[in-house]
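Heads up, target_20.tsv below (TSV, C-alpha atoms):
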chain	number	residue	atom	x	y	z
Q	1	MET	CA	-18.43	-35.68	1.16
Q	2	ILE	CA	-20.28	-33.90	-1.63
Q	3	TRP	CA	-21.11	-31.02	0.74
Q	4	ILE	CA	-17.45	-30.58	1.61
Q	5	ILE	CA	-16.59	-30.36	-2.09
Q	6	ILE	CA	-19.39	-27.84	-2.66
Q	7	LEU	CA	-18.20	-25.77	0.31
Q	8	LEU	CA	-14.59	-25.76	-0.87
Q	9	PHE	CA	-15.65	-24.83	-4.39
Q	10	SER	CA	-17.83	-22.01	-3.04
Q	11	LEU	CA	-14.97	-20.64	-0.93
Q	12	LEU	CA	-12.60	-20.72	-3.87
Q	13	PHE	CA	-15.18	-19.07	-6.12
Q	14	TYR	CA	-15.67	-16.29	-3.58
Q	15	GLY	CA	-11.96	-15.85	-2.83
Q	16	ILE	CA	-10.83	-15.81	-6.47
Q	17	LEU	CA	-13.70	-14.23	-8.39
Q	18	LEU	CA	-15.57	-12.04	-5.89
Q	19	GLU	CA	-13.69	-10.57	-2.93
Q	20	PRO	CA	-10.61	-9.42	-4.91
Q	21	HIS	CA	-12.95	-7.13	-6.86
Q	22	PHE	CA	-14.48	-5.43	-3.80
Q	23	MET	CA	-13.49	-1.96	-2.59
Q	24	HIS	CA	-13.41	-1.28	1.14
Q	25	VAL	CA	-13.16	2.42	2.01
Q	26	ARG	CA	-11.76	3.30	5.43
Q	27	LYS	CA	-11.73	6.77	6.95
Q	28	VAL	CA	-9.36	7.29	9.85
Q	29	LYS	CA	-9.39	10.43	11.97
Q	30	ILE	CA	-5.90	11.13	13.31
Q	31	SER	CA	-6.34	14.71	14.49
Q	32	ASP	CA	-9.26	16.17	16.44
Q	33	GLU	CA	-8.92	19.37	14.47
Q	34	LYS	CA	-10.41	19.58	11.01
Q	35	GLY	CA	-7.40	19.46	8.74
Q	36	LEU	CA	-6.06	17.82	5.63
Q	37	LYS	CA	-7.42	14.79	3.81
Q	38	VAL	CA	-4.80	12.21	2.84
Q	39	ALA	CA	-5.52	9.33	0.45
Q	40	HIS	CA	-3.42	6.20	0.94
Q	41	PHE	CA	-3.31	3.22	-1.41
Q	42	THR	CA	-0.77	0.44	-1.54
Q	43	ASP	CA	0.23	-2.95	-2.93
Q	44	THR	CA	-1.57	-2.83	-6.25
Q	45	HIS	CA	0.54	-5.79	-7.48
Q	46	PHE	CA	-0.54	-5.38	-11.09
Q	47	ASN	CA	-0.14	-8.76	-12.81
Q	48	TRP	CA	-2.16	-11.29	-14.82
Q	49	HIS	CA	-4.53	-11.71	-11.86
Q	50	THR	CA	-4.82	-7.99	-11.03
Q	51	ARG	CA	-5.24	-6.01	-14.23
Q	52	PRO	CA	-5.23	-2.20	-14.37
Q	53	ARG	CA	-8.99	-2.02	-14.95
Q	54	ARG	CA	-9.51	-3.29	-11.37
Q	55	PHE	CA	-7.87	-0.08	-10.14
Q	56	TYR	CA	-10.22	2.27	-12.00
Q	57	LYS	CA	-12.81	2.30	-9.23
Q	58	PHE	CA	-10.13	3.17	-6.69
Q	59	SER	CA	-8.71	5.99	-8.81
Q	60	LYS	CA	-12.23	7.28	-9.48
Q	61	HIS	CA	-12.97	7.29	-5.76
Q	62	ILE	CA	-9.75	9.17	-5.01
Q	63	LYS	CA	-10.63	11.86	-7.54
Q	64	GLN	CA	-14.16	12.17	-6.12
Q	65	MET	CA	-12.78	12.58	-2.58
Q	66	GLU	CA	-10.41	15.39	-3.69
Q	67	PRO	CA	-7.65	14.67	-1.16
Q	68	ASP	CA	-4.96	17.20	-0.29
Q	69	LEU	CA	-2.25	14.53	-0.42
Q	70	ILE	CA	-1.94	11.15	-2.12
Q	71	LEU	CA	0.38	8.45	-0.75
Q	72	PHE	CA	1.46	5.14	-2.26
Q	73	THR	CA	3.48	2.75	-0.10
Q	74	GLY	CA	4.94	0.31	-2.59
Q	75	ASP	CA	4.57	-2.89	-4.65
Q	76	LEU	CA	3.18	-1.35	-7.81
Q	77	PHE	CA	3.62	-4.48	-9.95
Q	78	ASP	CA	3.92	-8.04	-8.70
Q	79	LYS	CA	7.04	-8.56	-10.83
Q	80	VAL	CA	9.12	-5.92	-12.57
Q	81	SER	CA	9.75	-8.25	-15.51
Q	82	TRP	CA	5.97	-8.49	-16.08
Q	83	ALA	CA	5.62	-4.71	-15.83
Q	84	GLN	CA	8.14	-4.17	-18.58
Q	85	LYS	CA	6.05	-6.21	-21.03
Q	86	HIS	CA	2.40	-5.75	-20.07
Q	87	GLU	CA	-0.08	-2.86	-19.73
Q	88	ARG	CA	2.41	-0.38	-18.33
Q	89	ASN	CA	0.87	2.44	-20.37
Q	90	LYS	CA	-2.58	1.84	-18.86
Q	91	VAL	CA	-1.16	1.85	-15.34
Q	92	LYS	CA	0.81	5.03	-16.02
Q	93	GLU	CA	-2.29	6.72	-17.44
Q	94	ILE	CA	-4.32	5.93	-14.31
Q	95	LEU	CA	-1.58	7.10	-11.94
Q	96	THR	CA	-0.90	10.27	-13.91
Q	97	ASP	CA	-4.59	11.19	-13.77
Q	98	LEU	CA	-4.54	11.33	-9.96
Q	99	GLU	CA	-4.13	14.84	-8.58
Q	100	ALA	CA	-3.66	16.45	-5.16
Q	101	PRO	CA	-2.75	20.09	-4.38
Q	102	LEU	CA	0.01	19.11	-1.91
Q	103	GLY	CA	1.39	16.42	-4.18
Q	104	LYS	CA	1.65	12.69	-4.75
Q	105	PHE	CA	4.32	10.79	-2.83
Q	106	ALA	CA	5.51	7.20	-3.02
Q	107	ILE	CA	8.03	4.76	-1.63
Q	108	LEU	CA	9.24	1.46	-3.05
Q	109	GLY	CA	8.24	-1.98	-1.78
Q	110	ASN	CA	10.10	-5.26	-2.03
Q	111	HIS	CA	8.33	-6.19	-5.28
Q	112	ASP	CA	9.46	-2.92	-6.87
Q	113	PHE	CA	13.00	-4.23	-7.13
Q	114	SER	CA	13.84	-6.15	-10.27
Q	115	GLU	CA	15.08	-9.71	-10.27
Q	116	GLU	CA	18.57	-8.18	-10.43
Q	117	GLY	CA	17.80	-6.04	-7.38
Q	118	HIS	CA	17.52	-2.69	-9.19
Q	119	PRO	CA	14.63	-0.33	-8.31
Q	120	ASN	CA	15.28	2.16	-11.11
Q	121	TYR	CA	12.52	0.99	-13.46
Q	122	ILE	CA	9.65	1.40	-10.96
Q	123	ARG	CA	11.18	4.58	-9.53
Q	124	SER	CA	11.23	6.13	-13.01
Q	125	PHE	CA	7.75	4.78	-13.74
Q	126	LEU	CA	6.30	6.48	-10.66
Q	127	GLU	CA	8.16	9.72	-11.26
Q	128	GLU	CA	6.92	9.83	-14.85
Q	129	SER	CA	3.40	9.41	-13.40
Q	130	GLY	CA	3.84	12.53	-11.27
Q	131	PHE	CA	4.85	10.94	-7.96
Q	132	THR	CA	7.75	12.09	-5.81
Q	133	VAL	CA	9.57	8.93	-4.73
Q	134	LEU	CA	11.12	9.23	-1.28
Q	135	THR	CA	14.05	6.95	-0.44
Q	136	ASN	CA	15.55	7.81	2.93
Q	137	GLN	CA	14.39	11.37	2.37
Q	138	SER	CA	12.26	13.89	4.22
Q	139	VAL	CA	10.52	16.78	2.49
Q	140	ARG	CA	7.95	19.36	3.46
Q	141	SER	CA	4.68	19.99	1.64
Q	142	GLY	CA	2.58	22.73	3.15
Q	143	ASN	CA	2.54	22.20	6.91
Q	144	VAL	CA	3.27	18.48	6.62
Q	145	SER	CA	6.65	16.75	6.59
Q	146	LEU	CA	6.78	13.54	4.57
Q	147	THR	CA	9.54	11.04	5.22
Q	148	GLY	CA	10.01	7.86	3.20
Q	149	LEU	CA	12.32	4.97	4.07
Q	150	ASP	CA	13.89	2.52	1.65
Q	151	ASP	CA	12.46	-0.99	1.62
Q	152	LEU	CA	13.35	-3.17	4.61
Q	153	ARG	CA	13.87	-6.41	2.67
Q	154	GLU	CA	15.44	-5.27	-0.60
Q	155	GLY	CA	16.76	-1.78	0.11
Q	156	GLN	CA	18.94	-0.03	2.65
Q	157	PRO	CA	16.67	1.94	4.99
Q	158	ASN	CA	18.14	4.67	7.15
Q	159	PHE	CA	16.60	3.97	10.53
Q	160	GLU	CA	18.09	7.18	11.96
Q	161	MET	CA	16.04	9.44	9.66
Q	162	LEU	CA	14.50	12.54	11.22
Q	163	PRO	CA	11.59	14.47	9.71
Q	164	GLU	CA	11.69	18.01	8.42
Q	165	GLN	CA	10.24	20.48	10.90
Q	166	ALA	CA	6.50	20.87	10.34
Q	167	ASP	CA	3.17	20.99	12.14
Q	168	PHE	CA	2.54	17.33	11.32
Q	169	SER	CA	5.08	14.59	10.63
Q	170	LEU	CA	4.21	11.57	8.47
Q	171	LEU	CA	6.44	8.54	7.88
Q	172	MET	CA	5.97	6.16	4.92
Q	173	ILE	CA	7.29	2.61	5.23
Q	174	HIS	CA	6.47	-0.48	3.18
Q	175	GLU	CA	6.83	-3.31	5.71
Q	176	PRO	CA	5.08	-2.23	8.93
Q	177	ASP	CA	7.58	-4.07	11.16
Q	178	THR	CA	10.16	-1.57	9.92
Q	179	ILE	CA	8.90	0.69	12.69
Q	180	LEU	CA	10.44	-1.66	15.26
Q	181	ARG	CA	13.86	-0.61	14.00
Q	182	VAL	CA	13.22	3.10	13.50
Q	183	GLU	CA	15.31	4.88	16.12
Q	184	HIS	CA	13.05	7.90	16.61
Q	185	PRO	CA	9.43	6.79	16.07
Q	186	GLU	CA	8.25	9.43	18.53
Q	187	LYS	CA	9.24	12.11	15.99
Q	188	TYR	CA	6.33	11.06	13.75
Q	189	ASP	CA	2.63	11.70	14.28
Q	190	LEU	CA	1.47	9.13	11.73
Q	191	VAL	CA	3.24	6.13	10.19
Q	192	VAL	CA	1.61	4.49	7.15
Q	193	ALA	CA	2.51	1.07	5.74
Q	194	GLY	CA	1.31	-1.72	3.48
Q	195	HIS	CA	2.93	-5.04	2.51
Q	196	SER	CA	0.83	-7.38	4.67
Q	197	HIS	CA	-2.38	-7.39	2.58
Q	198	GLY	CA	-3.98	-7.83	5.99
Q	199	GLY	CA	-2.95	-11.46	5.73
Q	200	GLN	CA	-4.72	-11.74	2.32
Q	201	ILE	CA	-6.43	-14.91	3.56
Q	202	ARG	CA	-7.91	-14.41	7.02
Q	203	LEU	CA	-10.17	-16.78	8.95
Q	204	GLY	CA	-10.94	-15.37	12.36
Q	205	ASN	CA	-7.63	-14.84	14.15
Q	206	TRP	CA	-5.75	-17.00	11.64
Q	207	ARG	CA	-4.13	-15.32	8.66
Q	208	LEU	CA	-1.16	-15.72	6.39
Q	209	ARG	CA	1.93	-14.13	7.92
Q	210	ASN	CA	4.48	-12.37	5.78
Q	211	ASP	CA	8.02	-11.44	6.77
Q	212	GLY	CA	8.00	-7.77	7.59
Q	213	SER	CA	4.43	-7.72	8.92
Q	214	LYS	CA	4.35	-10.24	11.75
Q	215	ALA	CA	4.11	-7.72	14.58
Q	216	TYR	CA	1.75	-5.34	12.78
Q	217	ASP	CA	-0.45	-6.58	9.96
Q	218	SER	CA	-3.72	-4.66	9.69
Q	219	GLY	CA	-5.40	-1.51	10.88
Q	220	LEU	CA	-4.61	1.07	13.53
Q	221	TYR	CA	-1.95	0.77	16.22
Q	222	ASP	CA	-1.13	3.20	19.02
Q	223	LEU	CA	2.66	3.28	19.31
Q	224	GLY	CA	2.63	5.65	22.27
Q	225	GLN	CA	3.92	9.20	22.63
Q	226	ASN	CA	1.31	10.48	20.16
Q	227	THR	CA	2.53	8.21	17.34
Q	228	THR	CA	-0.01	6.19	15.34
Q	229	LEU	CA	0.67	3.41	12.84
Q	230	PHE	CA	-1.82	2.38	10.19
Q	231	VAL	CA	-1.31	-0.76	8.10
Q	232	ASN	CA	-3.31	-0.64	4.88
Q	233	ALA	CA	-4.49	-4.06	3.61
Q	234	GLY	CA	-3.79	-2.96	0.04
Q	235	ILE	CA	-5.46	-3.67	-3.27
Q	236	GLY	CA	-3.72	-6.49	-5.11
Q	237	LEU	CA	-2.67	-10.09	-4.62
Q	238	THR	CA	0.54	-12.05	-4.46
Q	239	PHE	CA	1.57	-15.69	-4.12
Q	240	LEU	CA	-2.05	-16.89	-4.43
Q	241	PRO	CA	-4.72	-15.14	-6.56
Q	242	ILE	CA	-7.10	-15.18	-3.59
Q	243	ARG	CA	-8.43	-12.72	-1.02
Q	244	PHE	CA	-10.60	-14.03	1.75
Q	245	GLY	CA	-11.75	-12.01	4.75
Q	246	VAL	CA	-9.57	-9.05	3.74
Q	247	PRO	CA	-11.17	-7.09	0.88
Q	248	PRO	CA	-9.03	-4.61	-1.07
Q	249	GLU	CA	-9.05	-1.24	0.64
Q	250	ILE	CA	-8.26	2.39	0.26
Q	251	VAL	CA	-7.73	4.59	3.32
Q	252	TYR	CA	-8.36	8.29	3.91
Q	253	TYR	CA	-6.77	9.99	6.90
Q	254	GLU	CA	-7.88	13.27	8.40
Q	255	ILE	CA	-4.79	14.93	9.85
In structure tokens, write the structure found in this file.
Amino acid sequence: MIWIIILLFSLLFYGILLEPHFMHVRKVKISDEKGLKVAHFTDTHFNWHTRPRRFYKFSKHIKQMEPDLILFTGDLFDKVSWAQKHERNKVKEILTDLEAPLGKFAILGNHDFSEEGHPNYIRSFLEESGFTVLTNQSVRSGNVSLTGLDDLREGQPNFEMLPEQADFSLLMIHEPDTILRVEHPEKYDLVVAGHSHGGQIRLGNWRLRNDGSKAYDSGLYDLGQNTTLFVNAGIGLTFLPIRFGVPPEIVYYEI
């Protein structure tokens, strides 16, 4: 019995105090041609258990990698009400300091909506930090089109969206299962998402399942017709202050 208690304590110690502070860097080659470098981070969920200082190593790594584009796919704070009272200036300072020649783009996640259902606070927060927030919009930056859909659970996504004409088309969604309802997925070369946290607690094939990420929850998926989906496991935590088997990650795509 004592060994079971020791094991459980060790697992909790690791899941609460160690793994959430790791940084897993993934590099994903989408195009065979040497092209642009795109940095993608998501689901920071800043809160009492994920303070801004935890993000410094991620922001430092992004600056060292000098990406051409920076993407954020939602859930900046765990709760908007917390964001309005705590450490918002530190978060804004970190985000503002990130730079990319082709711009910084973001979409909203379900946690970016206030308890009253309004996304305006986080939208303004990101825009003041230098991000272009895309909500059912498609824009062109260089030779890349960037399309961002509204959140599946809290917003009103336009599933009929088509990308601007460009050499490479990129779609940003928060919940990866959104792609199942997109009417023209073949129009996009790369789809990037977050939301799932990779399950956040993962033991072998078992993991926590979240609405919006039950079909696709982690890593690279071939959707056919030259369309690739990547689900980023994100940085922060929600529901439980634990990560186990899914360390926080940042992803760089070569497109």
I'd like the neighbourhood of Met65 of chain Q as a short mmCIF file (atom, residue, chain, number, x, y, z; two decimals) with C-alpha atoms, in the coordinates of the input, where a residue qualifies if any of its atoms comes within 10 Å (using all atoms listed in the file), though same-chain residues fewer than 2 positions away should be ignored.
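New file part-v9.cif:
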data_model
loop_
_atom_site.label_atom_id
_atom_site.label_comp_id
_atom_site.auth_asym_id
_atom_site.auth_seq_id
_atom_site.Cartn_x
_atom_site.Cartn_y
_atom_site.Cartn_z
CA LYS Q 37 -7.42 14.79 3.81
CA VAL Q 38 -4.80 12.21 2.84
CA ALA Q 39 -5.52 9.33 0.45
CA SER Q 59 -8.71 5.99 -8.81
CA LYS Q 60 -12.23 7.28 -9.48
CA HIS Q 61 -12.97 7.29 -5.76
CA ILE Q 62 -9.75 9.17 -5.01
CA LYS Q 63 -10.63 11.86 -7.54
CA PRO Q 67 -7.65 14.67 -1.16
CA ASP Q 68 -4.96 17.20 -0.29
CA TYR Q 252 -8.36 8.29 3.91
#
As an exercise, work out the distance from atom CA of Phe58 of chain Q to atom CA of Ile173 of chain Q in Å and give it to one decimal place.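 Straight-line distance from atom CA of Phe58 of chain Q to atom CA of Ile173 of chain Q works out to 21.1 Å.
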Top pick for closest residue to Val192 of chain Q, considering Q:Thr73, Q:Ser129, Q:Thr50, Q:Thr44 and counting only C-alpha atoms: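 Nearest to Val192 of chain Q: Q:Thr73.
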Between Q:Ile255, Q:Ile122, Q:Asp43, Q:Gly219, smallest distance to Asp167 of chain Q by all atoms listed in the file belongs to Q:Ile255
Nearest residue to Val80 of chain Q out of Q:Glu66, Q:Ala106, Q:Asp112, Q:Pro241, using only C-alpha atoms? Q:Asp112
Please write as a PyMOL selection string the list of polymer residues whose atoms come within 12 Å of (-1.0, 21.0, -7.3), counting all atoms listed in the file and keeping to the coordinates of the file. chain Q and resi 66-70+98-104+130-131+141-142
Would you save the residues of that selection, restricted to C-alpha atoms, as a PDB file, in the frame of the given file?
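File part_19.pdb, as written:
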ATOM      1  CA  GLU Q  66     -10.410  15.390  -3.690  1.00  0.00           C
ATOM      2  CA  PRO Q  67      -7.650  14.670  -1.160  1.00  0.00           C
ATOM      3  CA  ASP Q  68      -4.960  17.200  -0.290  1.00  0.00           C
ATOM      4  CA  LEU Q  69      -2.250  14.530  -0.420  1.00  0.00           C
ATOM      5  CA  ILE Q  70      -1.940  11.150  -2.120  1.00  0.00           C
ATOM      6  CA  LEU Q  98      -4.540  11.330  -9.960  1.00  0.00           C
ATOM      7  CA  GLU Q  99      -4.130  14.840  -8.580  1.00  0.00           C
ATOM      8  CA  ALA Q 100      -3.660  16.450  -5.160  1.00  0.00           C
ATOM      9  CA  PRO Q 101      -2.750  20.090  -4.380  1.00  0.00           C
ATOM     10  CA  LEU Q 102       0.010  19.110  -1.910  1.00  0.00           C
ATOM     11  CA  GLY Q 103       1.390  16.420  -4.180  1.00  0.00           C
ATOM     12  CA  LYS Q 104       1.650  12.690  -4.750  1.00  0.00           C
ATOM     13  CA  GLY Q 130       3.840  12.530 -11.270  1.00  0.00           C
ATOM     14  CA  PHE Q 131       4.850  10.940  -7.960  1.00  0.00           C
ATOM     15  CA  SER Q 141       4.680  19.990   1.640  1.00  0.00           C
ATOM     16  CA  GLY Q 142       2.580  22.730   3.150  1.00  0.00           C
TER      17      GLY Q 142
END
Residues at most 10 Å from Gly236 of chain Q, counting only C-alpha atoms, excluding those fewer than 4 positions away in the same chain, as a list in words?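 The residues satisfying every condition are Pro20, His21, Thr42, Asp43, Thr44, His45, Phe46, Asn47, His49, Thr50, Arg51, Arg54, Phe55, Asp75, Leu76, Phe77, Asp78, His197, Gln200, Pro241, Ile242, Arg243, Pro247, Pro248 and Glu249 of chain Q.
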Return the single residue from Q:Gly224, Q:Gly35, Q:Phe41, Q:Val231 that is closest to Val144 of chain Q, with distances computed using all atoms listed in the file. Q:Gly35
Can you sort out the box for segment 91-104 of chain Q, edges along x, y and z, all listed atoms in, 3 Å on every side, with centre and edge lengths in Å to one decimal, as lines of an AutoDock Vina configuration file?
center_x = -1.5
center_y = 11.0
center_z = -9.7
size_x = 12.2
size_y = 24.2
size_z = 21.5
With distances taken over only C-alpha atoms, which residue among Q:Met161, Q:Ala83, Q:Leu170, Q:Leu152 lies nearest Asp211 of chain Q?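 Looking only at the distances to Asp211 of chain Q, the closest residue turns out to be Q:Leu152.
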Might you pull out every residue within 10 Å of Glu154 of chain Q, with all atoms listed in the file counted and same-chain residues fewer than 6 positions away left off, and present them as a PyMOL selection string? chain Q and resi 108-114+117-119
Using only C-alpha atoms, can you tell me which of Q:Arg202, Q:Arg26, Q:Tyr253, Q:Leu190 comes closest to Gln225 of chain Q? Q:Leu190
Distance in Å - atom CA of Pro185 of chain Q versus atom CA of Leu146 of chain Q: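 According to the coordinates, atom CA of Pro185 of chain Q and atom CA of Leu146 of chain Q are separated by 13.6 Å.
Between atom CA of Arg88 of chain Q and atom CA of Asp150 of chain Q the interatomic distance comes to 23.2 Å.
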